[in-house]
$ cat entry-v5.txt   # compact mmCIF, C-alpha atoms and all ligand atoms
# COMPACT_ATOMS: atom_id res chain seq x y z
CA MET A 285 -0.95 55.05 41.68
CA ARG A 286 -4.10 53.52 43.11
CA THR A 287 -5.47 50.66 41.09
CA SER A 288 -9.14 50.15 40.45
CA ARG A 289 -9.09 47.32 43.01
CA SER A 290 -7.92 49.58 45.79
CA THR A 291 -10.40 52.27 44.73
CA VAL A 292 -13.29 49.82 45.02
CA ILE A 293 -12.11 48.69 48.45
CA SER A 294 -11.76 52.30 49.67
CA SER A 295 -15.21 53.20 48.40
CA ILE A 296 -16.78 50.30 50.31
CA ILE A 297 -15.06 51.43 53.49
CA GLU A 298 -16.14 55.04 52.94
CA LYS A 299 -19.74 54.00 52.34
CA ARG A 300 -19.81 52.23 55.68
CA ARG A 301 -18.66 55.14 57.80
CA PRO A 302 -21.91 57.19 57.64
CA LEU A 303 -23.72 54.03 58.74
CA ALA A 304 -21.55 53.92 61.85
CA GLU A 305 -22.49 57.54 62.59
CA GLN A 306 -26.18 56.83 62.14
CA ILE A 307 -25.89 53.84 64.44
CA SER A 308 -24.25 56.03 67.11
CA LYS A 309 -27.29 58.32 67.08
CA VAL A 310 -29.78 55.46 67.30
CA GLU A 311 -27.68 53.89 70.02
CA ALA A 312 -27.67 57.11 72.05
CA SER A 313 -31.45 57.45 71.87
CA LEU A 314 -31.93 53.80 72.76
CA LYS A 315 -29.66 54.22 75.77
CA SER A 316 -31.65 57.23 76.99
CA LEU A 317 -34.84 55.23 76.44
CA GLY A 318 -33.26 52.51 78.61
CA THR A 319 -32.58 55.07 81.35
CA ILE A 320 -36.16 56.37 81.20
CA LEU A 321 -37.49 52.83 81.40
CA HIS A 322 -35.30 52.20 84.41
CA HIS A 323 -36.71 55.30 86.18
CA LEU A 324 -40.21 54.18 85.27
CA LYS A 325 -39.50 50.75 86.71
CA VAL A 326 -38.29 52.22 90.00
CA GLY A 327 -41.26 54.63 90.17
CA HIS A 328 -43.68 51.85 89.36
CA GLN A 329 -42.27 49.59 92.08
CA LYS A 330 -42.58 52.43 94.59
CA LEU A 331 -46.17 53.23 93.60
CA VAL A 332 -47.24 49.61 93.76
CA ALA A 333 -45.67 49.30 97.22
CA ASP A 334 -47.09 52.60 98.51
CA VAL A 335 -50.63 52.46 97.27
CA ASN A 336 -53.16 50.36 99.10
CA GLU A 337 -53.21 46.95 97.41
CA THR A 338 -56.93 46.91 96.66
CA ASN A 339 -56.81 50.28 94.95
CA VAL A 340 -54.15 49.22 92.49
CA ASN A 341 -55.51 47.91 89.27
CA SER A 342 -53.87 44.53 88.59
CA GLY A 343 -53.14 45.57 84.99
CA PHE A 344 -51.04 48.45 86.35
CA ARG A 345 -49.40 46.34 89.03
CA ASP A 346 -48.29 43.66 86.57
CA ILE A 347 -46.58 45.95 84.07
CA ASN A 348 -43.17 44.34 83.53
CA PHE A 349 -40.69 47.07 82.70
CA GLU A 350 -37.81 44.61 82.91
CA ILE A 351 -38.86 42.96 79.63
CA PHE A 352 -38.64 46.32 77.82
CA ILE A 353 -35.30 47.13 79.45
CA GLU A 354 -33.85 43.78 78.41
CA SER A 355 -35.05 44.20 74.88
CA VAL A 356 -33.48 47.69 74.68
CA ASN A 357 -30.21 46.27 76.05
CA ARG A 358 -30.23 43.51 73.44
CA GLU A 359 -30.70 46.03 70.65
CA VAL A 360 -27.91 48.24 72.03
CA ALA A 361 -25.54 45.24 72.14
CA ALA A 362 -26.40 44.31 68.53
CA LEU A 363 -25.89 47.90 67.40
CA GLU A 364 -22.51 48.10 69.12
CA LYS A 365 -21.30 45.11 67.13
CA LEU A 366 -22.56 46.65 63.92
CA LYS A 367 -20.97 49.98 64.76
CA SER A 368 -17.55 48.44 65.33
CA ARG A 369 -17.92 46.56 62.03
CA PHE A 370 -18.80 49.74 60.10
CA SER A 371 -16.12 51.89 61.78
CA ARG A 372 -13.22 49.68 60.71
CA ASP A 373 -10.52 50.96 58.40
CA THR A 374 -10.30 47.60 56.69
CA ILE A 375 -12.59 45.08 55.09
CA LYS A 376 -12.10 41.72 56.76
CA ILE A 377 -12.19 38.65 54.60
CA GLY A 378 -12.24 35.22 56.20
CA VAL A 379 -11.55 31.82 54.70
CA VAL A 380 -13.70 28.86 55.64
CA GLY A 381 -13.35 25.26 54.61
CA ARG A 382 -12.24 21.81 55.55
CA ALA A 383 -8.56 21.20 56.27
CA ARG A 384 -6.12 20.92 53.36
CA GLN A 385 -8.15 22.90 50.84
CA GLY A 386 -5.63 25.67 50.24
CA LYS A 387 -7.13 28.38 52.47
CA SER A 388 -3.80 29.66 53.76
CA ARG A 389 -2.26 29.34 50.33
CA LEU A 390 -5.08 31.42 48.84
CA LEU A 391 -4.41 34.20 51.34
CA GLN A 392 -0.74 34.10 50.39
CA SER A 393 -1.72 34.57 46.73
CA LEU A 394 -4.10 37.43 47.52
CA THR A 395 -1.52 39.39 49.48
CA GLY A 396 1.75 38.28 47.88
CA LEU A 397 2.90 37.09 51.32
CA THR A 398 4.66 33.78 51.98
CA ALA A 399 4.45 30.84 54.37
CA SER A 400 6.56 32.87 56.81
CA GLU A 401 3.59 35.15 57.48
CA ILE A 402 0.74 32.76 56.57
CA PRO A 403 1.89 29.19 57.26
CA ASP A 404 0.64 26.46 54.95
CA GLY A 405 1.66 22.83 54.76
CA ASP A 406 1.19 19.65 52.78
CA ARG A 407 1.00 17.03 55.52
CA GLN A 408 -1.81 16.96 58.10
CA HIS A 409 -3.91 19.82 59.49
CA CYS A 410 -1.72 22.89 59.37
CA THR A 411 -3.38 26.07 60.64
CA GLY A 412 -4.01 25.62 64.37
CA VAL A 413 -5.54 28.90 65.41
CA ARG A 414 -7.23 31.93 63.93
CA SER A 415 -4.92 34.67 62.76
CA THR A 416 -5.73 38.05 61.25
CA ILE A 417 -3.20 39.47 58.85
CA TYR A 418 -3.04 43.27 58.54
CA HIS A 419 -1.09 45.44 56.16
CA LYS A 420 1.24 47.77 58.03
CA PRO A 421 3.79 49.58 55.90
CA ASN A 422 7.37 50.35 56.87
CA VAL A 423 7.65 47.91 59.75
CA GLU A 424 9.53 44.70 60.29
CA THR A 425 6.93 41.95 60.28
CA TYR A 426 5.70 41.12 63.78
CA ALA A 427 2.72 39.49 65.43
CA GLU A 428 0.73 39.85 68.63
CA VAL A 429 -0.25 36.63 70.31
CA TRP A 430 -3.26 36.55 72.63
CA PHE A 431 -3.19 33.60 74.99
CA HIS A 432 -5.95 31.90 76.88
CA SER A 433 -5.93 32.49 80.60
CA GLU A 434 -6.09 29.36 82.75
CA GLN A 435 -9.77 30.07 83.33
CA SER A 436 -10.74 30.68 79.71
CA PHE A 437 -8.72 27.60 78.71
CA LEU A 438 -10.78 25.48 81.08
CA ASP A 439 -14.12 27.15 80.29
CA GLU A 440 -13.83 27.40 76.53
CA ILE A 441 -11.56 24.51 75.56
CA ILE A 442 -11.48 21.71 78.11
CA ASP A 443 -14.96 21.81 79.72
CA PRO A 444 -16.84 21.31 76.42
CA TYR A 445 -14.94 18.01 75.92
CA TYR A 446 -15.88 16.81 79.39
CA GLU A 447 -19.52 17.71 78.75
CA LYS A 448 -19.83 16.26 75.27
CA LEU A 449 -17.95 13.06 76.05
CA TYR A 450 -19.56 12.52 79.49
CA LEU A 451 -16.19 12.41 81.25
CA GLY A 452 -17.61 13.28 84.66
CA ALA A 453 -16.58 16.13 86.97
CA LYS A 454 -14.69 18.81 85.09
CA PRO A 455 -11.30 19.92 86.37
CA VAL A 456 -11.64 23.09 88.42
CA THR A 457 -8.03 24.18 87.95
CA VAL A 458 -5.36 23.56 85.33
CA GLU A 459 -3.33 21.88 88.07
CA GLU A 460 -6.14 19.39 88.57
CA PHE A 461 -6.36 18.77 84.80
CA ALA A 462 -2.59 18.22 84.72
CA THR A 463 -2.27 15.88 87.69
CA LYS A 464 -5.37 13.70 87.53
CA PRO A 465 -5.46 10.91 84.97
CA LEU A 466 -7.67 11.72 81.99
CA PRO A 467 -10.99 9.88 82.53
CA ASN A 468 -11.60 7.04 80.05
CA LEU A 469 -14.13 7.48 77.29
CA PRO A 470 -17.38 5.90 78.61
CA GLY A 471 -17.95 2.41 77.15
CA GLU A 472 -21.16 3.36 75.33
CA LEU A 473 -19.30 6.10 73.38
CA ARG A 474 -16.36 3.95 72.37
CA GLY A 475 -17.91 2.42 69.26
CA SER A 476 -18.13 5.78 67.47
CA ALA A 477 -15.18 6.97 65.38
CA VAL A 478 -16.26 10.59 65.84
CA ASN A 479 -16.24 10.31 69.64
CA GLY A 480 -12.89 8.53 69.47
CA ALA A 481 -11.44 11.35 67.37
CA MET A 482 -12.80 13.97 69.77
CA TYR A 483 -11.21 12.11 72.65
CA ASP A 484 -7.90 12.08 70.73
CA HIS A 485 -8.08 15.88 70.50
CA LEU A 486 -8.54 16.14 74.24
CA THR A 487 -5.67 13.71 74.73
CA ARG A 488 -3.43 16.04 72.71
CA TYR A 489 -4.35 18.90 75.06
CA TYR A 490 -3.64 16.61 78.01
CA ARG A 491 -0.36 15.06 76.90
CA GLY A 492 1.05 18.29 75.49
CA LEU A 493 0.14 20.38 78.53
CA SER A 494 3.65 20.58 79.95
CA SER A 495 4.82 22.11 76.63
CA TYR A 496 2.32 24.96 76.58
CA ARG A 497 1.01 25.32 80.14
CA HIS A 498 3.35 28.21 80.99
CA LEU A 499 1.73 30.25 78.17
CA LEU A 500 -1.61 30.27 79.99
CA ARG A 501 0.03 32.52 82.57
CA GLU A 502 1.58 34.87 80.02
CA SER A 503 0.25 38.37 79.73
CA SER A 504 -1.32 39.16 76.38
CA PRO A 505 -0.51 40.25 73.80
CA ARG A 506 3.01 38.90 73.47
CA ARG A 507 4.90 40.44 70.58
CA ILE A 508 6.77 37.95 68.43
CA LEU A 509 8.99 38.18 65.39
CA LYS A 510 8.33 36.89 61.91
CA ASP A 511 10.33 33.71 62.31
CA GLU A 512 8.31 32.76 65.41
CA ILE A 513 4.90 33.08 63.73
CA ARG A 514 4.68 29.47 62.61
CA GLU A 515 5.28 28.01 66.06
CA TYR A 516 2.31 29.94 67.49
CA VAL A 517 -0.10 29.62 64.56
CA ALA A 518 0.57 26.23 63.00
CA GLN A 519 0.31 22.65 64.18
CA ASP A 520 3.42 21.47 62.38
CA THR A 521 6.81 22.62 61.15
CA VAL A 522 7.51 23.43 57.50
CA ASP A 523 8.61 19.80 57.16
CA GLY A 524 5.35 18.56 58.60
CA GLU A 525 6.77 17.53 62.01
CA ARG A 526 4.01 17.77 64.59
CA ILE A 527 6.13 19.16 67.38
CA TYR A 528 4.28 22.43 68.00
CA PHE A 529 1.96 22.69 70.97
CA ASN A 530 1.85 26.46 71.50
CA TYR A 531 -1.28 26.92 69.40
CA LEU A 532 -3.22 24.94 72.01
CA ALA A 533 -2.77 27.85 74.44
CA VAL A 534 -3.40 30.59 71.89
CA ARG A 535 -6.71 32.37 71.51
CA GLU A 536 -5.76 34.36 68.42
CA VAL A 537 -2.87 36.00 66.62
CA ASN A 538 -2.70 39.35 64.84
CA ILE A 539 0.02 39.62 62.22
CA PHE A 540 1.30 42.96 60.94
CA CYS A 541 3.36 43.10 57.79
CA SER A 542 3.71 44.94 54.55
CA PHE A 543 1.61 43.32 51.78
CA PRO A 544 3.58 42.99 48.56
CA ASN A 545 0.24 43.38 46.69
CA VAL A 546 -0.40 46.95 47.77
CA ASP A 547 -3.77 47.20 46.06
CA VAL A 548 -5.27 45.00 48.78
CA GLU A 549 -3.66 46.86 51.65
CA GLN A 550 -7.03 47.89 53.07
CA ILE A 551 -8.11 44.29 53.39
CA ALA A 552 -7.43 42.33 56.55
CA LEU A 553 -7.43 38.58 56.14
CA VAL A 554 -8.65 36.08 58.65
CA ASP A 555 -7.06 32.66 58.29
CA MET A 556 -8.92 29.95 60.16
CA PRO A 557 -8.22 26.33 61.03
CA GLY A 558 -9.86 23.77 58.78
CA LEU A 559 -13.24 22.54 59.91
CA GLY A 560 -15.17 19.34 59.46
CA ASP A 561 -12.64 18.05 61.91
CA THR A 562 -13.68 16.82 65.32
CA GLY A 563 -12.32 19.51 67.63
CA ILE A 564 -15.08 20.46 70.03
CA GLY A 565 -15.82 24.18 70.12
CA ASP A 566 -14.27 24.87 66.69
CA GLU A 567 -17.65 25.43 65.12
CA GLU A 568 -18.79 27.82 67.85
CA ARG A 569 -15.58 29.80 67.44
CA LEU A 570 -16.13 29.95 63.69
CA VAL A 571 -19.69 31.21 64.06
CA LYS A 572 -18.56 33.88 66.52
CA THR A 573 -15.77 35.05 64.22
CA LEU A 574 -18.07 35.23 61.23
CA GLY A 575 -20.83 36.97 63.14
CA GLN A 576 -18.60 39.65 64.67
CA ASP A 577 -15.38 40.07 62.74
CA VAL A 578 -15.71 39.04 59.14
CA ASP A 579 -17.24 41.14 56.36
CA ALA A 580 -16.99 38.59 53.57
CA VAL A 581 -16.41 34.84 53.58
CA LEU A 582 -14.52 32.79 51.05
CA PHE A 583 -15.47 29.13 51.11
CA VAL A 584 -12.43 27.28 49.80
CA ARG A 585 -12.59 23.82 48.29
CA MET A 586 -9.88 21.97 46.39
CA PRO A 587 -11.58 19.08 44.54
CA LYS A 588 -9.54 15.89 44.32
CA SER A 589 -8.45 15.14 40.77
CA SER A 590 -9.37 11.49 41.38
CA GLY A 591 -13.04 12.47 41.69
CA ASP A 592 -14.99 14.53 44.18
CA TYR A 593 -18.46 15.61 45.24
CA TRP A 594 -20.18 17.91 47.72
CA ALA A 595 -20.22 15.99 50.98
CA ASP A 596 -22.52 16.58 53.96
CA VAL A 597 -19.67 18.26 55.82
CA ASP A 598 -19.41 20.94 53.09
CA VAL A 599 -23.11 21.68 53.28
CA HIS A 600 -22.89 21.73 57.07
CA LEU A 601 -20.13 24.38 56.92
CA TYR A 602 -22.27 26.51 54.65
CA ASP A 603 -25.21 26.19 57.04
CA LEU A 604 -23.01 27.16 59.98
CA ALA A 605 -21.93 30.32 58.20
CA ARG A 606 -25.51 31.04 57.16
CA ASN A 607 -26.56 30.94 60.80
CA ALA A 608 -23.75 33.23 61.95
CA LEU A 609 -25.54 36.33 60.72
CA ILE A 610 -29.16 35.45 60.23
CA ASP A 611 -30.21 38.98 59.32
CA LEU A 612 -27.93 39.09 56.30
CA PRO A 613 -28.43 36.32 53.72
CA ILE A 614 -25.19 34.40 53.33
CA ASN A 615 -25.20 34.62 49.52
CA LEU A 616 -24.74 38.39 49.83
CA TRP A 617 -21.47 38.12 51.74
CA SER A 618 -19.85 34.89 50.63
CA PHE A 619 -18.04 33.46 47.62
CA LEU A 620 -17.13 29.92 46.75
CA ILE A 621 -13.55 29.44 45.59
CA LEU A 622 -12.85 26.20 43.78
CA ASN A 623 -9.12 25.75 43.98
CA GLN A 624 -7.96 24.58 40.57
CA THR A 625 -4.63 22.79 40.45
CA ASP A 626 -2.67 21.74 37.39
CA ALA A 627 -1.10 18.49 36.29
CA ASN A 628 2.25 19.44 37.83
CA SER A 629 0.85 19.94 41.33
CA LYS A 630 0.63 17.24 43.97
CA ASN A 631 -3.14 17.23 43.57
CA GLY A 632 -2.90 16.80 39.80
CA ASP A 633 -5.17 18.41 37.21
CA ASN A 634 -8.57 18.87 38.87
CA SER A 635 -10.13 21.21 36.32
CA LYS A 636 -12.90 18.75 35.38
CA ASN A 637 -13.64 18.12 39.05
CA CYS A 638 -13.90 21.89 39.63
CA GLN A 639 -16.45 22.03 36.81
CA ASP A 640 -18.40 19.13 38.31
CA LEU A 641 -18.62 20.83 41.70
CA ALA A 642 -19.43 24.23 40.17
CA GLY A 643 -22.26 22.65 38.18
CA ASP A 644 -23.71 21.05 41.28
CA ILE A 645 -23.48 24.04 43.62
CA SER A 646 -26.95 25.57 43.27
CA ARG A 647 -28.59 22.24 44.10
CA LYS A 648 -26.61 22.13 47.39
CA THR A 649 -27.03 25.65 48.71
CA ASP A 650 -30.80 26.24 48.47
N1 LIG B 701 0.11 23.61 43.49
C1 LIG B 701 -0.81 24.07 44.30
N2 LIG B 701 -0.75 23.71 45.60
C2 LIG B 701 -1.70 24.21 46.43
C3 LIG B 701 -2.73 25.07 45.98
N3 LIG B 701 -3.50 25.39 47.04
C4 LIG B 701 -2.99 24.74 48.09
N4 LIG B 701 -1.90 24.04 47.74
C5 LIG B 701 -1.07 23.24 48.62
O1 LIG B 701 -1.93 22.35 49.33
C6 LIG B 701 -1.47 22.21 50.67
C7 LIG B 701 -2.59 22.63 51.64
O2 LIG B 701 -2.78 24.04 51.53
P1 LIG B 701 -3.05 24.94 52.81
O3 LIG B 701 -3.14 26.33 52.31
O4 LIG B 701 -2.12 24.65 53.93
O5 LIG B 701 -4.51 24.37 53.18
P2 LIG B 701 -5.48 24.86 54.34
O6 LIG B 701 -6.87 24.80 53.80
O7 LIG B 701 -5.04 26.16 54.86
O8 LIG B 701 -5.28 23.70 55.41
P3 LIG B 701 -5.51 23.76 57.03
O9 LIG B 701 -4.74 24.92 57.54
O10 LIG B 701 -4.99 22.46 57.52
O11 LIG B 701 -6.98 23.90 57.24
C8 LIG B 701 -0.23 23.09 50.81
O12 LIG B 701 0.93 22.34 50.58
C9 LIG B 701 -0.41 24.10 49.70
O13 LIG B 701 0.82 24.65 49.29
C10 LIG B 701 -2.75 25.42 44.59
O14 LIG B 701 -3.62 26.14 44.11
N5 LIG B 701 -1.78 24.88 43.81
MG MG B 702 -4.41 26.76 56.71
$ encode --input "entry-v5.txt" --output "structure tokens"
Amino acid sequence: MRTSRSTVISSIIEKRRPLAEQISKVEASLKSLGTILHHLKVGHQKLVADVNETNVNSGFRDINFEIFIESVNREVAALEKLKSRFSRDTIKIGVVGRARQGKSRLLQSLTGLTASEIPDGDRQHCTGVRSTIYHKPNVETYAEVWFHSEQSFLDEIIDPYYEKLYLGAKPVTVEEFATKPLPNLPGELRGSAVNGAMYDHLTRYYRGLSSYRHLLRESSPRRILKDEIREYVAQDTVDGERIYFNYLAVREVNIFCSFPNVDVEQIALVDMPGLGDTGIGDEERLVKTLGQDVDAVLFVRMPKSSGDYWADVDVHLYDLARNALIDLPINLWSFLILNQTDANSKNGDNSKNCQDLAGDISRKTD
């Protein structure tokens, strides 16, 4: 029997489909407009070249068809993203928050899954890379791992550290990154804890390279079994040992398993690494994921029972998400989850702190 929850989810998905069809029509007419503009541009260039210079009105000569073509192309690209969003068979929900707030644990509760499919942990940062968890009935749980290529690893991961930390010439190949000593952090940046922490991240990529380098040459996706998920997604073992390096080579992971809570089977969940950390590029990746893949965002915050408040980093995260889809106000597609823990949990009873933060939220999100 379908519960009311699954009926609501299905009706949202059904409502979106006609939008995808409408977009297809608009897209087709925009594309033909683009073709016409291209012909006009070619004809215009020919006319301007053929006709005697003095006879050509400068207003006609200076018509810039390229501007119109570019603007049509931009619209087509935006519509394509929207179309793929509205054609999906699932609603994608993403979790955003600082590390250690209970994001992965929340997704476990929503689906009925366990740490075997959605790793969580109570030591340091746990989730290392974005994973999307899909319901797929009647299969043994498996995952598809998409690795960085050597080039995308350099372009998207390593180069931004070299740029931001002024480390000089960027390595052109992974071999060069591996064999040359890591440049020192310039003296003028050394006083800052943030720069030091960023440099530590890069050092982890550098020192761990021999453990994960071979993965940059793997073809993607690689299919893995349930008991391998943690070593590709997480930064530490269930016991909190930080011996995993694979996630440094991973671009993303898709996990397919049967959700014990069947009424949310049409939801796909996007678990993301904690932010507010100092990994360079993490924020850009978050904005891209939110802008393209996620239909609704859950901001997750677990207030400390010893006292807590909205810090700048929380507001910054909210602003980042707000800017991911500027055409759609963030309050229409996001929820704040205050993770309430009881006296028996490690965090202790934080119910009063949840109330404090809930009371203060409107002042922070204007
Ligand atoms: N008792 C209790 N423990 C929780 C709750 N939420 C999270 N935890 C625990 O808090 C720790 C951190 O939770 P995670 O789900 O790993 O946190 P996260 O936000 O995903 O952390 P990162 O992946 O590092 O960003 C884990 O040990 C969880 O089991 C909760 O509501 N109650
Ligand atoms: Mg996590």
$ atom_distance --input "entry-v5.txt" --atom1 "atom CA of Ala304 of chain A" --atom2 "atom CA of Ser371 of chain A"
5.8 Å
$ residues_around --input "entry-v5.txt" --residues "Ser635 of chain A" --least-positions-apart "2" --cutoff "12 Å" --atoms "only C-alpha atoms" --output "PDB file with C-alpha atoms, in the frame of the given file"
ATOM      1  CA  MET A 586      -9.880  21.970  46.390  1.00  0.00           C
ATOM      2  CA  PRO A 587     -11.580  19.080  44.540  1.00  0.00           C
ATOM      3  CA  LYS A 588      -9.540  15.890  44.320  1.00  0.00           C
ATOM      4  CA  SER A 589      -8.450  15.140  40.770  1.00  0.00           C
ATOM      5  CA  SER A 590      -9.370  11.490  41.380  1.00  0.00           C
ATOM      6  CA  GLY A 591     -13.040  12.470  41.690  1.00  0.00           C
ATOM      7  CA  ASP A 592     -14.990  14.530  44.180  1.00  0.00           C
ATOM      8  CA  LEU A 622     -12.850  26.200  43.780  1.00  0.00           C
ATOM      9  CA  ASN A 623      -9.120  25.750  43.980  1.00  0.00           C
ATOM     10  CA  GLN A 624      -7.960  24.580  40.570  1.00  0.00           C
ATOM     11  CA  THR A 625      -4.630  22.790  40.450  1.00  0.00           C
ATOM     12  CA  ASP A 626      -2.670  21.740  37.390  1.00  0.00           C
ATOM     13  CA  ALA A 627      -1.100  18.490  36.290  1.00  0.00           C
ATOM     14  CA  ASN A 631      -3.140  17.230  43.570  1.00  0.00           C
ATOM     15  CA  GLY A 632      -2.900  16.800  39.800  1.00  0.00           C
ATOM     16  CA  ASP A 633      -5.170  18.410  37.210  1.00  0.00           C
ATOM     17  CA  ASN A 637     -13.640  18.120  39.050  1.00  0.00           C
ATOM     18  CA  CYS A 638     -13.900  21.890  39.630  1.00  0.00           C
ATOM     19  CA  GLN A 639     -16.450  22.030  36.810  1.00  0.00           C
ATOM     20  CA  ASP A 640     -18.400  19.130  38.310  1.00  0.00           C
ATOM     21  CA  LEU A 641     -18.620  20.830  41.700  1.00  0.00           C
ATOM     22  CA  ALA A 642     -19.430  24.230  40.170  1.00  0.00           C
TER      23      ALA A 642
END
$ residues_near_ligand --input "entry-v5.txt" --ligand "ligand MG 702 (chain B)" --cutoff "7 Å" --atoms "only C-alpha atoms and all ligand atoms" --output "PyMOL selection string"
chain A and resi 383-384+386-388+403-404+410-411+555-558
$ write_last_selection --input "entry-v5.txt" --atoms "C-alpha atoms" --output "JSON list (two decimals), in the coordinates of the input"
[["chain", "number", "residue", "atom", "x", "y", "z"],
["A", 383, "ALA", "CA", -8.56, 21.20, 56.27],
["A", 384, "ARG", "CA", -6.12, 20.92, 53.36],
["A", 386, "GLY", "CA", -5.63, 25.67, 50.24],
["A", 387, "LYS", "CA", -7.13, 28.38, 52.47],
["A", 388, "SER", "CA", -3.80, 29.66, 53.76],
["A", 403, "PRO", "CA", 1.89, 29.19, 57.26],
["A", 404, "ASP", "CA", 0.64, 26.46, 54.95],
["A", 410, "CYS", "CA", -1.72, 22.89, 59.37],
["A", 411, "THR", "CA", -3.38, 26.07, 60.64],
["A", 555, "ASP", "CA", -7.06, 32.66, 58.29],
["A", 556, "MET", "CA", -8.92, 29.95, 60.16],
["A", 557, "PRO", "CA", -8.22, 26.33, 61.03],
["A", 558, "GLY", "CA", -9.86, 23.77, 58.78]]
$ residues_around --input "entry-v5.txt" --residues "Arg606 of chain A" --least-positions-apart "4" --cutoff "10 Å" --atoms "all atoms listed in the file" --output "number ranges by chain"
A: 571, 574-575, 600-602, 610-615, 617-618
$ write_last_selection --input "entry-v5.txt" --atoms "C-alpha atoms" --output "mmCIF file, in the frame of the given file"
data_model
loop_
_atom_site.group_PDB
_atom_site.id
_atom_site.type_symbol
_atom_site.label_atom_id
_atom_site.label_comp_id
_atom_site.auth_asym_id
_atom_site.auth_seq_id
_atom_site.Cartn_x
_atom_site.Cartn_y
_atom_site.Cartn_z
ATOM 1 C CA VAL A 571 -19.690 31.210 64.060
ATOM 2 C CA LEU A 574 -18.070 35.230 61.230
ATOM 3 C CA GLY A 575 -20.830 36.970 63.140
ATOM 4 C CA HIS A 600 -22.890 21.730 57.070
ATOM 5 C CA LEU A 601 -20.130 24.380 56.920
ATOM 6 C CA TYR A 602 -22.270 26.510 54.650
ATOM 7 C CA ILE A 610 -29.160 35.450 60.230
ATOM 8 C CA ASP A 611 -30.210 38.980 59.320
ATOM 9 C CA LEU A 612 -27.930 39.090 56.300
ATOM 10 C CA PRO A 613 -28.430 36.320 53.720
ATOM 11 C CA ILE A 614 -25.190 34.400 53.330
ATOM 12 C CA ASN A 615 -25.200 34.620 49.520
ATOM 13 C CA TRP A 617 -21.470 38.120 51.740
ATOM 14 C CA SER A 618 -19.850 34.890 50.630
#
$ closest_residue --input "entry-v5.txt" --among "A:Tyr528, A:Phe540, A:Gly563, A:Asp577" --to "Asn479 of chain A" --atoms "all atoms listed in the file"
A:Gly563
$ closest_residue --input "entry-v5.txt" --among "A:Ala462, A:Val326, A:Leu394, A:Lys636" --to "Phe349 of chain A" --atoms "all atoms listed in the file"
A:Val326
$ closest_residue --input "entry-v5.txt" --among "A:Leu391, A:Ala333, A:Val537, A:Leu324" --to "ligand LIG 701 (chain B)" --atoms "all atoms listed in the file"
A:Leu391
$ closest_residue --input "entry-v5.txt" --among "A:Arg514, A:His323, A:Lys315, A:His328" --to "Glu359 of chain A" --atoms "all atoms listed in the file"
A:Lys315
$ atom_distance --input "entry-v5.txt" --atom1 "atom CA of His432 of chain A" --atom2 "atom CA of Lys420 of chain A"
25.7 Å
$ residues_around --input "entry-v5.txt" --residues "Arg507 of chain A" --least-positions-apart "3" --cutoff "9 Å" --atoms "all atoms listed in the file" --output "list in words"
Tyr426, Ala427, Glu428, Val429 and Ser504 of chain A
$ residues_around --input "entry-v5.txt" --residues "Glu472 of chain A" --least-positions-apart "6" --cutoff "12 Å" --atoms "only C-alpha atoms" --output "ChimeraX atom specification"
/A:449-451,479-480
$ residues_near_point --input "entry-v5.txt" --point "(0.2, 40.3, 59.8)" --cutoff "10 Å" --atoms "only C-alpha atoms" --output "VMD selection string"
chain A and resid 397 401 to 402 415 to 420 425 to 428 510 513 537 to 543 552 to 554
